[in-house]
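The file structure21.txt contains compact mmCIF, C-alpha atoms:
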# COMPACT_ATOMS: atom_id res chain seq x y z
CA MET Q 1 9.44 27.87 18.54
CA LYS Q 2 8.98 25.66 15.50
CA VAL Q 3 9.25 27.22 12.04
CA ILE Q 4 8.45 25.35 8.82
CA VAL Q 5 10.68 26.53 5.98
CA ALA Q 6 9.06 25.59 2.66
CA PRO Q 7 10.16 27.66 -0.33
CA ASP Q 8 10.14 26.77 -4.00
CA SER Q 9 13.30 27.31 -6.02
CA PHE Q 10 14.41 30.86 -6.83
CA LYS Q 11 14.81 30.13 -10.52
CA GLY Q 12 18.19 31.07 -11.93
CA SER Q 13 19.79 31.45 -8.51
CA LEU Q 14 18.79 28.91 -5.83
CA THR Q 15 17.30 25.43 -5.76
CA ALA Q 16 14.46 24.91 -3.32
CA ILE Q 17 16.73 23.22 -0.78
CA GLU Q 18 19.32 25.99 -1.10
CA ALA Q 19 16.59 28.58 -0.54
CA ALA Q 20 15.37 26.67 2.52
CA GLU Q 21 18.91 26.50 3.90
CA ALA Q 22 19.36 30.26 3.39
CA MET Q 23 16.10 30.98 5.19
CA ALA Q 24 17.01 28.63 8.04
CA ALA Q 25 20.39 30.33 8.39
CA GLY Q 26 18.65 33.71 8.68
CA ILE Q 27 16.30 32.33 11.32
CA HIS Q 28 19.18 30.89 13.35
CA ASP Q 29 21.06 34.19 13.13
CA VAL Q 30 18.23 35.58 15.26
CA GLY Q 31 17.51 32.55 17.44
CA PRO Q 32 19.97 29.65 17.37
CA ASP Q 33 17.54 27.57 19.42
CA ILE Q 34 14.60 28.05 17.06
CA ARG Q 35 13.60 24.68 15.64
CA THR Q 36 13.46 24.75 11.85
CA VAL Q 37 11.97 22.02 9.68
CA LEU Q 38 13.11 22.30 6.07
CA LEU Q 39 10.49 21.15 3.56
CA PRO Q 40 11.58 22.48 0.15
CA ALA Q 41 8.61 22.31 -2.19
CA ALA Q 42 7.60 22.59 -5.84
CA ASP Q 43 4.44 22.76 -7.91
CA GLY Q 44 4.94 19.94 -10.41
CA GLY Q 45 7.37 21.76 -12.70
CA GLU Q 46 11.14 21.64 -12.73
CA GLY Q 47 12.50 21.03 -9.26
CA THR Q 48 9.65 18.78 -8.18
CA MET Q 49 11.74 15.62 -8.09
CA ARG Q 50 14.50 17.28 -6.09
CA SER Q 51 12.03 18.78 -3.62
CA LEU Q 52 10.35 15.43 -3.05
CA VAL Q 53 13.63 13.60 -2.57
CA ASP Q 54 15.26 16.24 -0.35
CA ALA Q 55 12.18 16.72 1.84
CA THR Q 56 11.83 12.96 2.45
CA ASN Q 57 15.54 12.11 2.77
CA GLY Q 58 15.39 10.01 -0.35
CA ARG Q 59 18.06 9.25 -2.91
CA TYR Q 60 18.84 9.68 -6.60
CA VAL Q 61 19.41 7.22 -9.42
CA SER Q 62 21.33 8.22 -12.55
CA VAL Q 63 21.02 6.48 -15.90
CA THR Q 64 21.99 7.08 -19.52
CA VAL Q 65 18.96 7.90 -21.68
CA GLU Q 66 18.14 9.96 -24.77
CA ASP Q 67 17.68 13.72 -24.66
CA PRO Q 68 14.85 15.30 -26.73
CA LEU Q 69 16.93 14.99 -29.91
CA GLY Q 70 18.09 11.43 -29.29
CA ARG Q 71 21.55 12.17 -27.92
CA PRO Q 72 22.82 10.16 -24.94
CA ILE Q 73 22.75 12.03 -21.63
CA CYS Q 74 22.99 11.19 -17.95
CA ALA Q 75 19.58 11.81 -16.39
CA THR Q 76 18.32 11.32 -12.87
CA TYR Q 77 15.19 10.13 -11.12
CA GLY Q 78 14.45 10.10 -7.43
CA ILE Q 79 13.41 7.52 -4.85
CA LEU Q 80 11.46 9.06 -1.98
CA GLY Q 81 12.27 8.35 1.63
CA ASP Q 82 9.61 5.64 1.80
CA GLY Q 83 11.81 3.52 -0.46
CA GLU Q 84 8.81 2.70 -2.65
CA THR Q 85 7.89 5.82 -4.62
CA CYS Q 86 9.77 6.89 -7.71
CA ALA Q 87 9.72 10.56 -8.77
CA ILE Q 88 10.38 11.42 -12.42
CA GLU Q 89 10.29 14.82 -14.12
CA ILE Q 90 9.70 14.94 -17.85
CA ALA Q 91 12.03 17.95 -17.91
CA GLU Q 92 14.94 15.84 -16.67
CA ALA Q 93 15.36 13.82 -19.87
CA SER Q 94 12.97 15.54 -22.27
CA GLY Q 95 13.05 19.16 -21.13
CA LEU Q 96 13.82 22.49 -22.69
CA MET Q 97 16.77 22.76 -20.32
CA ARG Q 98 18.45 20.04 -22.38
CA LEU Q 99 18.47 22.16 -25.55
CA GLN Q 100 20.20 25.29 -26.76
CA GLU Q 101 17.88 27.97 -28.13
CA HIS Q 102 18.73 27.12 -31.74
CA GLU Q 103 18.05 23.41 -31.11
CA LYS Q 104 14.39 23.80 -30.15
CA ASN Q 105 12.35 21.79 -32.64
CA PRO Q 106 9.00 20.27 -31.59
CA HIS Q 107 8.81 18.36 -34.88
CA MET Q 108 11.92 16.41 -33.88
CA ALA Q 109 11.86 16.51 -30.07
CA SER Q 110 10.79 13.27 -28.43
CA SER Q 111 9.81 12.22 -24.90
CA TYR Q 112 11.55 8.86 -25.43
CA GLY Q 113 14.13 9.51 -22.69
CA THR Q 114 11.39 9.93 -20.10
CA GLY Q 115 10.03 6.54 -21.08
CA GLU Q 116 13.51 5.11 -20.62
CA LEU Q 117 13.63 6.51 -17.08
CA ILE Q 118 10.29 4.84 -16.31
CA ALA Q 119 11.54 1.56 -17.79
CA HIS Q 120 14.71 1.72 -15.68
CA ALA Q 121 12.65 2.28 -12.52
CA LEU Q 122 10.38 -0.62 -13.44
CA ASP Q 123 13.46 -2.81 -13.92
CA ASN Q 124 14.49 -1.88 -10.38
CA GLY Q 125 11.17 -3.02 -8.97
CA TYR Q 126 9.35 0.30 -8.50
CA ARG Q 127 5.60 0.36 -9.07
CA LYS Q 128 4.58 3.68 -7.49
CA PHE Q 129 5.37 6.80 -9.51
CA ILE Q 130 5.01 10.55 -9.23
CA ILE Q 131 5.47 12.18 -12.64
CA GLY Q 132 6.06 15.92 -12.98
CA LEU Q 133 4.96 17.22 -16.37
CA GLY Q 134 6.45 20.72 -16.40
CA GLY Q 135 9.20 22.03 -18.67
CA SER Q 136 9.08 19.62 -21.61
CA ALA Q 137 10.68 20.41 -24.97
CA THR Q 138 8.27 18.09 -26.78
CA ASN Q 139 5.02 18.20 -28.72
CA ASP Q 140 4.80 14.48 -29.47
CA GLY Q 141 1.72 13.62 -27.41
CA GLY Q 142 3.88 11.39 -25.19
CA ALA Q 143 4.55 9.16 -28.19
CA GLY Q 144 8.21 8.80 -27.22
CA ILE Q 145 7.29 7.60 -23.74
CA LEU Q 146 5.01 4.97 -25.27
CA GLN Q 147 7.65 3.88 -27.78
CA ALA Q 148 10.27 3.47 -25.04
CA LEU Q 149 7.87 1.19 -23.17
CA GLY Q 150 7.16 -1.13 -26.09
CA MET Q 151 4.31 0.53 -27.99
CA ARG Q 152 4.67 0.51 -31.78
CA LEU Q 153 3.22 3.47 -33.66
CA LEU Q 154 2.74 2.49 -37.29
CA ASN Q 155 2.07 4.15 -40.64
CA LYS Q 156 -0.34 2.63 -43.14
CA GLU Q 157 2.43 0.36 -44.46
CA GLY Q 158 2.99 -1.02 -40.96
CA ILE Q 159 6.35 0.70 -40.60
CA GLU Q 160 7.20 2.24 -37.22
CA LEU Q 161 7.13 6.03 -37.07
CA PRO Q 162 10.21 8.12 -36.38
CA LYS Q 163 10.37 9.84 -33.02
CA GLY Q 164 9.06 13.36 -32.53
CA GLY Q 165 5.91 15.37 -33.08
CA GLY Q 166 6.49 15.59 -36.82
CA GLY Q 167 6.32 11.85 -37.40
CA LEU Q 168 2.77 11.65 -36.03
CA GLN Q 169 1.43 12.98 -39.33
CA TYR Q 170 1.90 9.46 -40.70
CA ILE Q 171 0.25 7.50 -37.90
CA SER Q 172 -2.29 4.92 -38.94
CA SER Q 173 -2.42 2.39 -36.11
CA ILE Q 174 -1.00 1.42 -32.73
CA ASP Q 175 0.41 -2.03 -31.94
CA SER Q 176 0.42 -2.68 -28.18
CA THR Q 177 1.58 -6.31 -28.42
CA ASN Q 178 4.90 -5.54 -26.73
CA TRP Q 179 3.58 -2.90 -24.31
CA ASP Q 180 5.34 -3.26 -20.97
CA PHE Q 181 3.00 -5.38 -18.85
CA ARG Q 182 4.45 -3.86 -15.66
CA ILE Q 183 2.64 -0.59 -16.40
CA ALA Q 184 -0.65 -2.29 -15.51
CA GLU Q 185 0.84 -3.29 -12.15
CA SER Q 186 1.87 0.29 -11.35
CA GLU Q 187 0.27 3.49 -10.02
CA PHE Q 188 1.04 6.88 -11.52
CA LEU Q 189 0.29 10.16 -9.80
CA ILE Q 190 0.65 12.94 -12.37
CA ALA Q 191 1.63 16.35 -11.02
CA SER Q 192 0.48 19.02 -13.45
CA ASP Q 193 -1.29 22.35 -13.25
CA VAL Q 194 -2.05 22.36 -16.98
CA LYS Q 195 -5.73 21.82 -17.75
CA ASN Q 196 -5.47 22.39 -21.51
CA PRO Q 197 -7.01 19.86 -23.90
CA LEU Q 198 -4.85 17.99 -26.36
CA VAL Q 199 -5.81 19.93 -29.51
CA GLY Q 200 -7.49 23.11 -30.70
CA SER Q 201 -6.95 26.77 -29.90
CA GLU Q 202 -6.28 25.95 -26.23
CA GLY Q 203 -4.38 22.74 -26.97
CA ALA Q 204 -0.76 21.74 -26.53
CA SER Q 205 0.49 22.99 -29.90
CA ALA Q 206 -1.25 26.37 -29.91
CA VAL Q 207 -0.54 27.34 -26.31
CA PHE Q 208 2.83 25.76 -25.58
CA GLY Q 209 4.28 25.03 -29.04
CA PRO Q 210 5.78 28.51 -29.59
CA GLN Q 211 7.89 28.38 -26.43
CA LYS Q 212 9.29 25.06 -27.66
CA GLY Q 213 10.40 26.52 -30.98
CA ALA Q 214 7.27 26.22 -33.12
CA ALA Q 215 6.92 29.01 -35.66
CA PRO Q 216 3.33 30.18 -36.38
CA ARG Q 217 3.19 27.98 -39.48
CA ASP Q 218 4.27 24.97 -37.40
CA VAL Q 219 1.47 25.23 -34.86
CA ASP Q 220 -1.24 24.11 -37.27
CA SER Q 221 0.74 21.13 -38.55
CA LEU Q 222 1.65 20.01 -35.03
CA ASP Q 223 -1.97 20.31 -33.98
CA ARG Q 224 -3.09 18.23 -36.98
CA ASN Q 225 -0.53 15.58 -36.06
CA LEU Q 226 -1.84 15.37 -32.50
CA ARG Q 227 -5.39 15.06 -33.86
CA LYS Q 228 -4.30 12.09 -35.96
CA PHE Q 229 -2.60 10.59 -32.92
CA ALA Q 230 -5.75 11.08 -30.86
CA VAL Q 231 -7.81 9.28 -33.50
CA ALA Q 232 -5.40 6.33 -33.43
CA ILE Q 233 -5.46 6.27 -29.62
CA GLU Q 234 -9.27 6.32 -29.56
CA LYS Q 235 -9.32 3.45 -32.05
CA GLU Q 236 -6.97 1.46 -29.80
CA THR Q 237 -8.38 2.32 -26.36
CA GLY Q 238 -11.82 3.85 -26.84
CA ILE Q 239 -10.60 6.98 -25.00
CA ALA Q 240 -11.10 10.32 -26.79
CA LEU Q 241 -8.32 12.70 -25.80
CA HIS Q 242 -9.08 15.62 -28.13
CA SER Q 243 -10.89 17.76 -25.54
CA LYS Q 244 -9.88 15.92 -22.37
CA GLU Q 245 -8.78 18.24 -19.56
CA GLY Q 246 -5.06 18.00 -18.90
CA ALA Q 247 -4.31 15.99 -22.03
CA GLY Q 248 -2.34 18.93 -23.43
CA ALA Q 249 0.17 18.94 -20.56
CA ALA Q 250 3.84 18.46 -21.55
CA GLY Q 251 3.16 18.60 -25.28
CA GLY Q 252 0.35 16.08 -25.01
CA ALA Q 253 2.13 13.63 -22.70
CA GLY Q 254 -0.73 14.20 -20.26
CA GLY Q 255 -2.98 12.53 -22.81
CA ALA Q 256 -0.72 9.52 -23.21
CA PHE Q 257 -0.75 8.97 -19.46
CA GLN Q 258 -4.53 9.25 -19.31
CA ALA Q 259 -4.98 6.77 -22.14
CA PHE Q 260 -2.44 4.08 -21.31
CA PHE Q 261 -1.48 4.35 -17.63
CA ASN Q 262 -3.28 3.72 -14.36
CA CYS Q 263 -2.99 7.37 -13.40
CA GLU Q 264 -4.52 10.21 -11.45
CA MET Q 265 -3.83 13.82 -12.47
CA ARG Q 266 -3.70 16.38 -9.67
CA GLN Q 267 -2.49 19.92 -9.09
CA GLY Q 268 1.25 19.76 -8.73
CA ILE Q 269 1.63 21.50 -5.38
CA ASP Q 270 -1.04 19.27 -3.81
CA VAL Q 271 0.84 16.16 -4.96
CA VAL Q 272 4.10 17.45 -3.51
CA LEU Q 273 2.65 18.55 -0.17
CA GLU Q 274 0.92 15.22 0.29
CA ALA Q 275 4.09 13.28 -0.59
CA ILE Q 276 6.19 15.20 1.97
CA ASP Q 277 3.43 14.92 4.61
CA PHE Q 278 3.34 18.70 4.90
CA GLU Q 279 0.09 18.95 6.84
CA ARG Q 280 1.38 16.75 9.66
CA HIS Q 281 4.45 18.95 10.08
CA VAL Q 282 2.34 22.10 10.15
CA LYS Q 283 0.01 21.00 12.95
CA ASP Q 284 2.40 21.89 15.76
CA ALA Q 285 4.29 24.67 13.94
CA ASP Q 286 4.30 28.25 15.17
CA LEU Q 287 5.14 29.81 11.81
CA ILE Q 288 5.51 28.86 8.13
CA ILE Q 289 7.86 30.69 5.77
CA THR Q 290 7.67 30.16 2.02
CA GLY Q 291 8.94 31.97 -1.07
CA GLU Q 292 9.90 31.85 -4.74
CA GLY Q 293 11.93 33.79 -7.26
CA LYS Q 294 9.15 36.14 -8.31
CA THR Q 295 5.64 36.43 -6.89
CA ASP Q 296 2.79 37.88 -8.94
CA LEU Q 297 -0.80 37.03 -9.83
CA GLN Q 298 0.33 33.74 -11.38
CA THR Q 299 1.22 32.58 -7.88
CA LEU Q 300 -2.50 32.49 -7.10
CA SER Q 301 -3.10 29.96 -9.89
CA GLY Q 302 -1.51 27.14 -7.91
CA LYS Q 303 2.17 27.93 -7.47
CA THR Q 304 4.03 26.63 -4.45
CA PRO Q 305 3.46 29.58 -2.05
CA PHE Q 306 -0.26 29.44 -2.81
CA GLY Q 307 -0.45 25.76 -1.87
CA ILE Q 308 1.61 26.36 1.27
CA ALA Q 309 -0.67 29.23 2.30
CA LYS Q 310 -3.81 27.14 1.77
CA VAL Q 311 -2.60 24.52 4.23
CA ALA Q 312 -1.43 27.18 6.69
CA HIS Q 313 -4.85 28.86 6.64
CA ARG Q 314 -6.60 25.52 7.08
CA GLU Q 315 -4.49 24.86 10.19
CA GLY Q 316 -4.78 28.43 11.48
CA LYS Q 317 -1.04 29.12 11.22
CA PRO Q 318 0.65 32.39 10.18
CA VAL Q 319 2.47 32.18 6.86
CA ILE Q 320 5.11 34.62 5.64
CA LEU Q 321 6.21 35.05 2.04
CA ILE Q 322 9.79 36.06 1.27
CA SER Q 323 10.43 36.15 -2.48
CA GLY Q 324 13.15 37.51 -4.70
CA ALA Q 325 10.72 40.00 -6.18
CA VAL Q 326 7.07 40.85 -5.59
CA ASP Q 327 4.95 42.47 -8.28
CA GLU Q 328 3.61 45.54 -6.51
CA GLU Q 329 0.44 45.56 -8.60
CA SER Q 330 -0.31 42.08 -7.22
CA ARG Q 331 0.33 42.91 -3.58
CA ASP Q 332 -3.30 43.69 -2.74
CA ALA Q 333 -4.37 40.32 -4.13
CA LEU Q 334 -1.64 38.55 -2.17
CA THR Q 335 -2.33 40.23 1.17
CA PRO Q 336 -5.35 38.06 2.15
CA LEU Q 337 -3.28 34.93 1.50
CA PHE Q 338 -0.15 35.75 3.48
CA THR Q 339 0.36 37.18 6.96
CA GLN Q 340 3.30 39.19 5.63
CA VAL Q 341 4.77 39.68 2.15
CA HIS Q 342 8.45 40.59 1.67
CA ALA Q 343 10.79 40.97 -1.30
CA ILE Q 344 14.59 40.83 -1.43
CA MET Q 345 14.76 43.31 -4.29
CA ASP Q 346 14.09 46.93 -3.44
CA GLU Q 347 15.67 50.32 -4.12
CA ASN Q 348 18.86 49.12 -2.42
CA VAL Q 349 19.14 45.68 -4.05
CA SER Q 350 19.26 45.27 -7.83
CA VAL Q 351 18.16 42.22 -9.79
CA GLU Q 352 21.77 41.51 -10.73
CA ASP Q 353 22.97 41.68 -7.13
CA ALA Q 354 20.10 39.54 -5.84
CA ILE Q 355 20.84 36.81 -8.37
CA ALA Q 356 24.62 36.94 -7.99
CA ASP Q 357 24.52 36.53 -4.20
CA ALA Q 358 21.06 35.06 -3.72
CA PHE Q 359 21.87 32.89 -0.69
CA ASN Q 360 23.21 35.71 1.44
CA TYR Q 361 20.55 38.21 0.40
CA LEU Q 362 17.81 35.71 1.25
CA ARG Q 363 19.52 34.91 4.54
CA ARG Q 364 19.73 38.61 5.48
CA LYS Q 365 16.11 39.31 4.48
CA THR Q 366 14.90 36.34 6.53
CA LYS Q 367 16.96 37.55 9.49
CA LYS Q 368 15.32 40.99 9.30
CA VAL Q 369 11.85 39.46 9.12
CA MET Q 370 12.53 37.22 12.11
CA GLU Q 371 13.93 40.13 14.12
CA LEU Q 372 10.67 42.00 13.62
CA ILE Q 373 8.65 38.93 14.54
CA THR Q 374 10.72 38.39 17.69
CA GLU Q 375 10.26 42.03 18.64
CA LYS Q 376 6.62 42.66 17.67
CA GLY Q 377 5.09 39.25 17.00
CA VAL Q 378 3.56 38.03 13.73
Would you mind giving the structure from this file in structure tokens?
Amino acid sequence: MKVIVAPDSFKGSLTAIEAAEAMAAGIHDVGPDIRTVLLPAADGGEGTMRSLVDATNGRYVSVTVEDPLGRPICATYGILGDGETCAIEIAEASGLMRLQEHEKNPHMASSYGTGELIAHALDNGYRKFIIGLGGSATNDGGAGILQALGMRLLNKEGIELPKGGGGLQYISSIDSTNWDFRIAESEFLIASDVKNPLVGSEGASAVFGPQKGAAPRDVDSLDRNLRKFAVAIEKETGIALHSKEGAGAAGGAGGAFQAFFNCEMRQGIDVVLEAIDFERHVKDADLIITGEGKTDLQTLSGKTPFGIAKVAHREGKPVILISGAVDEESRDALTPLFTQVHAIMDENVSVEDAIADAFNYLRRKTKKVMELITEKGV
């Protein structure tokens, strides 16, 4: 029997690979001879790089770059098992995870560190990139990324702008004289589920600004700044980002990639599953098991278990969901997608217990599920 084990991370308790290892342990508790293939997955947000590297037996590269507020940090990018593809998450250098709650400030936060990671990979000869745009702390329209790669953003006096979303209020022109020529030689696959435009009521500032520390009064000023940036970009490139789908991803970094990079934007889970060659592994599998920390209606909008289930259905394979928690009001909507739906948390397992000992609880739940399957079939 071959079982594909492909969970996302259980946020706050297990990485995707740890979750996969817990599930595999539960499977082997029932049948030591069952063949398990661990393909930890992600949907383009935090954890995407790690899932891609772990699933392809790749490696990691660490480098000193700037965090969102310009402080030096050690950040990591991944090289996939093919030895050619570089995976970078904007969250790694420029993410909310790098800031304390009181430090959140989208006027000051910059994506510069992400640009430094790209530059380092270019220096090491890489020309194929997968960029995950989830979890950013920034609202700078990707300006920091551009600045780190040689673009000069100037005010009307020709002076370079400070980093961060606040400085964009002064933008007058863009000087691409020193833009890194290696960008034109490279391919960028952008993993993002965000379809929001750059500006307006559904734009980066209005929808995502508050979670990055923007007070209500800040949203309008940040949006105006991105509008000014979009005007300057259109003047430089002829590309209008204001209403462009996906331009609002990662505080507008999606727009910078669309304007200045040879890129394709795709749903995050589809990018990950293609990169780990998921469909090939599934063809001769008997069962697929996936999961995540909490499953609800948002899962159906393109989260990892949804993408896993789509492939499983296409190949006619049973797929079982084992998550930390399942929203009971969403269960009816989930039932057509999954052969079985299970949750670790129930009347006997509290949230606190499940988080504190997540590996063993997930292992035991998987064991119980496999025992039933062995006894009664899927």
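For the choices Q:Thr177, Q:Pro40, Q:Gly254, Q:Gln340, the atom-to-atom distance to Ile145 in chain Q is smallest for Q:Gly254 when using only C-alpha atoms.
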Nearest residue to Asn105 in chain Q from the set Q:Leu133, Q:Ala214, Q:Met1, Q:Val326 (distances using all atoms listed in the file):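 Of Q:Leu133, Q:Ala214, Q:Met1, Q:Val326, the one nearest Asn105 in chain Q is Q:Ala214, counting all atoms listed in the file.
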When you look at Gly45 in chain Q with a cut-off of 12 Å (counting all atoms listed in the file), what residues show up, excluding the ones that are within fewer than 3 positions of it in the same chain? I need them as a PyMOL selection string. chain Q and resi 8-9+11+41-42+48-52+88-92+95-96+130-136+190-194+249-250+267-269+271-272+302-304
At a cut-off of 10 Å, using all atoms listed in the file, what residues contact Arg331 in chain Q? Leave out same-chain residues fewer than 4 positions from it and give the result as a PyMOL selection string. chain Q and resi 295-297+326-327+335-336+341-342
Save out the residues we just selected, C-alpha atoms, as a CSV table (one decimal), keeping the file's coordinate frame.
chain,number,residue,atom,x,y,z
Q,295,THR,CA,5.6,36.4,-6.9
Q,296,ASP,CA,2.8,37.9,-8.9
Q,297,LEU,CA,-0.8,37.0,-9.8
Q,326,VAL,CA,7.1,40.8,-5.6
Q,327,ASP,CA,5.0,42.5,-8.3
Q,335,THR,CA,-2.3,40.2,1.2
Q,336,PRO,CA,-5.4,38.1,2.2
Q,341,VAL,CA,4.8,39.7,2.2
Q,342,HIS,CA,8.4,40.6,1.7
Non-local contacts of Pro106 in chain Q (9 Å; only C-alpha atoms; under 5 positions in same chain excluded) as a ChimeraX atom specification: /Q:137-140,164-166,209,212-214,218,222,251
From the set Q:Glu329, Q:Asp277, Q:Glu157, Q:Asp123, which residue has the shortest atom-to-atom contact distance to Gly81 in chain Q, counting only C-alpha atoms? Q:Asp277
Could you please determine the separation between CA of Ser330 in chain Q and CA of Val369 in chain Q in Å, to one decimal place? 20.5 Å
Counting only C-alpha atoms, figure out which residue out of Q:Gly252, Q:Gly44, Q:Gly238, Q:Gly83 gets nearest to Gly144 in chain Q.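 Of the candidates, the smallest distance to Gly144 in chain Q is held by Q:Gly252.
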